[in-house]
>>> print(open('protein-v3.cif').read())   # mmCIF, C-alpha atoms and all ligand atoms
data_work
loop_
_atom_site.group_PDB
_atom_site.id
_atom_site.type_symbol
_atom_site.label_atom_id
_atom_site.label_comp_id
_atom_site.auth_asym_id
_atom_site.auth_seq_id
_atom_site.Cartn_x
_atom_site.Cartn_y
_atom_site.Cartn_z
ATOM 1 C CA MET A 1 0.000 0.000 0.000
ATOM 2 C CA LYS A 2 2.747 2.408 0.977
ATOM 3 C CA LYS A 3 4.746 1.537 -2.122
ATOM 4 C CA HIS A 4 1.720 2.116 -4.282
ATOM 5 C CA PHE A 5 1.198 5.532 -2.729
ATOM 6 C CA THR A 6 4.835 6.516 -3.373
ATOM 7 C CA GLN A 7 4.532 5.504 -7.000
ATOM 8 C CA ILE A 8 1.418 7.579 -7.465
ATOM 9 C CA THR A 9 2.993 10.589 -5.778
ATOM 10 C CA LEU A 10 6.067 10.240 -7.953
ATOM 11 C CA LEU A 11 3.968 9.890 -11.059
ATOM 12 C CA SER A 12 1.841 12.935 -10.349
ATOM 13 C CA GLY A 13 5.000 14.877 -9.526
ATOM 14 C CA LEU A 14 6.406 13.986 -12.926
ATOM 15 C CA LEU A 15 3.155 14.948 -14.607
ATOM 16 C CA VAL A 16 3.200 18.377 -12.962
ATOM 17 C CA LEU A 17 6.796 18.831 -14.073
ATOM 18 C CA ALA A 18 5.965 17.821 -17.641
ATOM 19 C CA THR A 19 2.988 20.166 -17.762
ATOM 20 C CA THR A 20 4.821 23.203 -16.428
ATOM 21 C CA SER A 21 7.916 22.809 -18.568
ATOM 22 C CA GLY A 22 5.681 22.141 -21.575
ATOM 23 C CA ARG A 23 3.831 25.361 -20.892
ATOM 24 C CA ALA A 24 7.043 27.370 -20.621
ATOM 25 C CA ALA A 25 8.372 25.994 -23.892
ATOM 26 C CA ASP A 26 5.070 26.564 -25.696
ATOM 27 C CA SER A 27 4.257 30.040 -24.465
ATOM 28 C CA THR A 28 5.919 32.030 -27.251
ATOM 29 C CA GLN A 29 4.740 29.745 -30.031
ATOM 30 C CA GLY A 30 1.274 29.558 -28.463
ATOM 31 C CA ALA A 31 1.020 33.348 -28.467
ATOM 32 C CA ILE A 32 2.223 33.516 -32.076
ATOM 33 C CA ASP A 33 -0.338 30.875 -33.084
ATOM 34 C CA PHE A 34 -3.067 32.831 -31.318
ATOM 35 C CA ARG A 35 -2.279 36.190 -32.945
ATOM 36 C CA GLU A 36 -1.821 34.674 -36.397
ATOM 37 C CA SER A 37 -5.149 32.840 -36.045
ATOM 38 C CA VAL A 38 -6.873 36.089 -35.078
ATOM 39 C CA MET A 39 -5.277 37.855 -38.067
ATOM 40 C CA THR A 40 -6.349 35.001 -40.362
ATOM 41 C CA THR A 41 -9.879 35.384 -38.994
ATOM 42 C CA PHE A 42 -9.803 39.109 -39.859
ATOM 43 C CA LYS A 43 -8.700 38.242 -43.371
ATOM 44 C CA TRP A 44 -11.596 35.792 -43.763
ATOM 45 C CA TYR A 45 -14.094 38.612 -43.199
ATOM 46 C CA VAL A 46 -12.169 41.409 -44.920
ATOM 47 C CA GLN A 47 -11.417 39.703 -48.248
ATOM 48 C CA PRO A 48 -15.003 39.504 -49.606
ATOM 49 C CA MET A 49 -15.719 43.106 -48.572
ATOM 50 C CA GLY A 50 -12.519 44.169 -50.336
ATOM 51 C CA ALA A 51 -13.513 42.279 -53.476
ATOM 52 C CA MET A 52 -16.989 43.889 -53.426
ATOM 53 C CA THR A 53 -15.537 47.352 -52.823
ATOM 54 C CA LYS A 54 -13.170 46.940 -55.754
ATOM 55 C CA GLY A 55 -15.952 45.541 -57.952
ATOM 56 C CA LYS A 56 -14.225 42.178 -58.380
ATOM 57 C CA ILE A 57 -17.403 40.451 -57.253
ATOM 58 C CA PRO A 58 -20.946 41.890 -57.372
ATOM 59 C CA PHE A 59 -22.013 43.993 -54.406
ATOM 60 C CA ASP A 60 -24.345 42.096 -52.098
ATOM 61 C CA ALA A 61 -25.518 44.196 -49.148
ATOM 62 C CA ALA A 62 -26.590 41.227 -46.984
ATOM 63 C CA TRP A 63 -23.352 39.337 -47.573
ATOM 64 C CA PHE A 64 -21.348 42.504 -46.911
ATOM 65 C CA LYS A 65 -23.285 43.093 -43.677
ATOM 66 C CA SER A 66 -22.624 39.553 -42.460
ATOM 67 C CA ARG A 67 -18.870 40.057 -43.110
ATOM 68 C CA ALA A 68 -18.937 43.390 -41.256
ATOM 69 C CA ASP A 69 -20.732 41.760 -38.297
ATOM 70 C CA GLY A 70 -18.137 38.978 -38.198
ATOM 71 C CA LEU A 71 -15.232 41.392 -38.331
ATOM 72 C CA ALA A 72 -16.666 43.564 -35.555
ATOM 73 C CA SER A 73 -17.041 40.463 -33.349
ATOM 74 C CA ALA A 74 -13.528 39.247 -34.145
ATOM 75 C CA THR A 75 -11.946 42.610 -33.289
ATOM 76 C CA ARG A 76 -13.424 42.319 -29.790
ATOM 77 C CA LEU A 77 -10.721 39.724 -29.111
ATOM 78 C CA ASP A 78 -7.778 41.159 -27.212
ATOM 79 C CA VAL A 79 -5.032 40.438 -29.735
ATOM 80 C CA SER A 80 -2.450 42.032 -27.419
ATOM 81 C CA GLU A 81 -2.460 38.739 -25.477
ATOM 82 C CA GLY A 82 -0.773 37.271 -28.544
ATOM 83 C CA PHE A 83 2.137 39.702 -28.332
ATOM 84 C CA PRO A 84 4.034 38.977 -25.104
ATOM 85 C CA GLN A 85 7.203 41.075 -24.718
ATOM 86 C CA GLY A 86 9.787 40.273 -27.389
ATOM 87 C CA SER A 87 7.863 37.363 -28.955
ATOM 88 C CA VAL A 88 9.304 37.726 -32.449
ATOM 89 C CA GLY A 89 10.103 34.019 -32.860
ATOM 90 C CA GLU A 90 9.775 32.904 -36.471
ATOM 91 C CA SER A 91 7.087 35.440 -37.258
ATOM 92 C CA GLU A 92 6.586 38.644 -39.215
ATOM 93 C CA ALA A 93 6.257 40.746 -36.058
ATOM 94 C CA LYS A 94 8.794 43.568 -35.829
ATOM 95 C CA PRO A 95 10.653 44.078 -32.527
ATOM 96 C CA GLU A 96 9.559 47.761 -32.729
ATOM 97 C CA ILE A 97 6.173 46.618 -31.393
ATOM 98 C CA TRP A 98 7.534 46.439 -27.846
ATOM 99 C CA ASP A 99 9.413 49.763 -28.081
ATOM 100 C CA ASN A 100 6.184 51.453 -29.205
ATOM 101 C CA TRP A 101 3.651 49.452 -27.242
ATOM 102 C CA ASP A 102 1.182 52.331 -26.671
ATOM 103 C CA ASP A 103 1.199 53.177 -30.373
ATOM 104 C CA PHE A 104 0.675 49.497 -31.200
ATOM 105 C CA LEU A 105 -2.312 49.329 -28.827
ATOM 106 C CA SER A 106 -3.782 52.553 -30.203
ATOM 107 C CA LYS A 107 -3.519 51.187 -33.743
ATOM 108 C CA TYR A 108 -5.477 48.147 -32.610
ATOM 109 C CA GLN A 109 -8.003 50.391 -30.869
ATOM 110 C CA ARG A 110 -8.420 52.263 -34.146
ATOM 111 C CA LEU A 111 -9.237 49.016 -35.930
ATOM 112 C CA GLN A 112 -11.807 48.143 -33.246
ATOM 113 C CA ASP A 113 -13.450 51.576 -33.633
ATOM 114 C CA GLU A 114 -13.508 51.454 -37.445
ATOM 115 C CA ALA A 115 -14.882 47.892 -37.453
ATOM 116 C CA ILE A 116 -17.751 48.886 -35.156
ATOM 117 C CA LYS A 117 -18.532 51.867 -37.399
ATOM 118 C CA LEU A 118 -18.438 49.541 -40.398
ATOM 119 C CA GLN A 119 -20.936 47.235 -38.706
ATOM 120 C CA GLN A 120 -23.251 50.204 -38.039
ATOM 121 C CA VAL A 121 -22.964 51.553 -41.588
ATOM 122 C CA ALA A 122 -23.497 48.070 -43.066
ATOM 123 C CA ALA A 123 -26.786 47.798 -41.170
ATOM 124 C CA THR A 124 -28.120 50.748 -43.229
ATOM 125 C CA GLY A 125 -27.478 49.001 -46.570
ATOM 126 C CA ASP A 126 -26.075 52.257 -48.051
ATOM 127 C CA GLU A 127 -23.604 50.926 -50.615
ATOM 128 C CA ALA A 128 -21.491 54.060 -51.039
ATOM 129 C CA ALA A 129 -21.177 54.602 -47.284
ATOM 130 C CA MET A 130 -20.307 50.936 -46.723
ATOM 131 C CA LYS A 131 -17.534 51.038 -49.297
ATOM 132 C CA GLU A 132 -16.180 54.265 -47.853
ATOM 133 C CA GLN A 133 -16.138 52.923 -44.301
ATOM 134 C CA PHE A 134 -14.589 49.685 -45.521
ATOM 135 C CA GLY A 135 -11.720 51.767 -46.913
ATOM 136 C CA LYS A 136 -11.119 53.321 -43.488
ATOM 137 C CA THR A 137 -11.200 49.904 -41.826
ATOM 138 C CA ALA A 138 -8.704 48.449 -44.287
ATOM 139 C CA GLN A 139 -6.463 51.468 -43.652
ATOM 140 C CA ALA A 140 -6.485 50.579 -39.964
ATOM 141 C CA CYS A 141 -5.118 47.111 -40.884
ATOM 142 C CA GLY A 142 -2.545 48.582 -43.252
ATOM 143 C CA GLY A 143 -1.484 51.322 -40.850
ATOM 144 C CA CYS A 144 -0.399 48.780 -38.291
ATOM 145 C CA HIS A 145 1.169 46.377 -40.804
ATOM 146 C CA LYS A 146 3.218 49.158 -42.365
ATOM 147 C CA LYS A 147 4.900 49.982 -39.094
ATOM 148 C CA PHE A 148 4.897 46.701 -37.211
ATOM 149 C CA ARG A 149 4.847 43.786 -39.669
ATOM 150 C CA ASN A 150 7.668 42.467 -41.857
ATOM 151 C CA LYS A 151 6.296 41.339 -45.177
ATOM 152 C CA LYS A 152 7.958 38.169 -46.455
HETATM 153 C C1 LIG B 201 -2.290 46.574 -34.133
HETATM 154 C C2 LIG B 201 -1.605 46.076 -35.285
HETATM 155 C C3 LIG B 201 -2.336 45.284 -36.336
HETATM 156 C C4 LIG B 201 -3.589 45.496 -36.850
HETATM 157 C C5 LIG B 201 -4.570 46.615 -36.530
HETATM 158 C C6 LIG B 201 -3.813 44.445 -37.817
HETATM 159 N N1 LIG B 201 -2.733 43.631 -37.887
HETATM 160 FE FE1 LIG B 201 -2.547 41.993 -39.082
HETATM 161 N N2 LIG B 201 -0.687 41.657 -38.323
HETATM 162 C C7 LIG B 201 -0.041 42.437 -37.400
HETATM 163 C C8 LIG B 201 1.264 41.868 -37.102
HETATM 164 C C9 LIG B 201 2.282 42.432 -36.129
HETATM 165 C C10 LIG B 201 1.383 40.708 -37.888
HETATM 166 C C11 LIG B 201 2.539 39.703 -37.921
HETATM 167 C C12 LIG B 201 2.205 38.619 -36.871
HETATM 168 C C13 LIG B 201 3.057 37.392 -36.944
HETATM 169 O O1 LIG B 201 3.694 37.120 -37.989
HETATM 170 O O2 LIG B 201 3.070 36.651 -35.941
HETATM 171 C C14 LIG B 201 0.127 40.606 -38.651
HETATM 172 C C15 LIG B 201 -0.165 39.570 -39.537
HETATM 173 C C16 LIG B 201 -1.297 39.475 -40.308
HETATM 174 C C17 LIG B 201 -1.589 38.400 -41.217
HETATM 175 C C18 LIG B 201 -0.698 37.181 -41.481
HETATM 176 C C19 LIG B 201 -1.025 36.124 -40.436
HETATM 177 C C20 LIG B 201 -0.145 34.899 -40.550
HETATM 178 O O3 LIG B 201 -0.665 33.777 -40.425
HETATM 179 O O4 LIG B 201 1.073 35.054 -40.732
HETATM 180 C C21 LIG B 201 -2.805 38.677 -41.800
HETATM 181 C C22 LIG B 201 -3.556 37.837 -42.824
HETATM 182 C C23 LIG B 201 -3.278 39.908 -41.221
HETATM 183 N N3 LIG B 201 -2.345 40.375 -40.303
HETATM 184 C C24 LIG B 201 -4.496 40.510 -41.534
HETATM 185 C C25 LIG B 201 -4.981 41.653 -40.901
HETATM 186 C C26 LIG B 201 -6.241 42.304 -41.250
HETATM 187 C C27 LIG B 201 -7.172 41.849 -42.360
HETATM 188 C C28 LIG B 201 -6.371 43.369 -40.409
HETATM 189 C C29 LIG B 201 -7.507 44.354 -40.333
HETATM 190 C C30 LIG B 201 -8.846 43.856 -40.260
HETATM 191 C C31 LIG B 201 -5.192 43.384 -39.544
HETATM 192 N N4 LIG B 201 -4.385 42.333 -39.877
HETATM 193 C C32 LIG B 201 -4.983 44.329 -38.565
HETATM 194 C C33 LIG B 201 -0.520 43.587 -36.820
HETATM 195 C C34 LIG B 201 -1.792 44.111 -37.019
#
>>> encode(input="protein-v3.cif", output="structure tokens")
Amino acid sequence: MKKHFTQITLLSGLLVLATTSGRAADSTQGAIDFRESVMTTFKWYVQPMGAMTKGKIPFDAAWFKSRADGLASATRLDVSEGFPQGSVGESEAKPEIWDNWDDFLSKYQRLQDEAIKLQQVAATGDEAAMKEQFGKTAQACGGCHKKFRNKK
């Protein structure tokens, strides 16, 4: 009985060790995965609106609105969690992010504000206004990428 107990204690001790060291090793890559997934989610919603704005596909107010709703929801995620101090790793993030953290956060705030406006404008079905506000939203993406993302 005593031997059994010791084995279990030892085993759970090892499990705790494995979990914590695993977490430490994963944290940077986990954060990178998170932020890149959020960015990929943005792209999913933005692409069709971009194509409609440029006239590459026919304008469809209901489809546009559903994309604007999705984007507004996605920008509610706190992407800053995906950018722990110095987490460049094998990513396109520039180290300047952490030297200009407040600017980085304000650029994200700008995207959140523009995406909410886009959702409101899209609810009206006014094509010209939707395209105009889409332009401002896309500029909020580009404004941050220009300063803080290395393009491959
Ligand atoms: C506050 C800054 C910021 C804003 C705003 C922003 N991005 Fe990004 N984005 C980044 C950074 C930094 C990277 C590089 C991240 C990396 O490589 O880990 C990136 C990467 C990406 C990627 C590549 C993801 C990958 O898997 O490598 C896509 C796609 C993307 N962004 C789309 C968008 C779209 C669309 C918007 C607007 C709706 C947007 N981003 C707004 C900072 C931003």
>>> residues_near_ligand(input="protein-v3.cif", ligand="ligand LIG 201 (chain B)", cutoff="8 Å", atoms="all atoms listed in the file", output="PyMOL selection string")
chain A and resi 32-33+35-47+71+75+88+90-94+97+104-111+115+137-145+148-150
>>> atom_distance(input="protein-v3.cif", atom1="atom CA of Ala128 of chain A", atom2="atom CA of Ala74 of chain A")
23.8 Å
>>> closest_residue(input="protein-v3.cif", among="A:Gly89, A:Lys146, A:Asn100, A:Glu127", to="Gly55 of chain A", atoms="only C-alpha atoms")
A:Glu127
>>> closest_residue(input="protein-v3.cif", among="A:Pro58, A:Gly82, A:Gly135, A:Gly125", to="Ser27 of chain A", atoms="all atoms listed in the file")
A:Gly82
>>> atom_distance(input="protein-v3.cif", atom1="atom CA of Met130 of chain A", atom2="atom CA of Leu118 of chain A")
6.7 Å
>>> atom_distance(input="protein-v3.cif", atom1="atom CA of Leu77 of chain A", atom2="atom CA of Asp102 of chain A")
17.5 Å
>>> closest_residue(input="protein-v3.cif", among="A:Phe59, A:Thr124, A:Trp98, A:Lys136", to="Ser80 of chain A", atoms="all atoms listed in the file")
A:Trp98
>>> closest_residue(input="protein-v3.cif", among="A:Lys117, A:Asp126, A:Gln133, A:Lys151", to="Asp60 of chain A", atoms="all atoms listed in the file")
A:Asp126
>>> closest_residue(input="protein-v3.cif", among="A:Phe64, A:Arg76, A:Gly30, A:Lys147", to="Pro95 of chain A", atoms="all atoms listed in the file")
A:Lys147
>>> closest_residue(input="protein-v3.cif", among="A:Asp103, A:Phe134, A:Ala51, A:Phe34", to="Asp78 of chain A", atoms="all atoms listed in the file")
A:Phe34
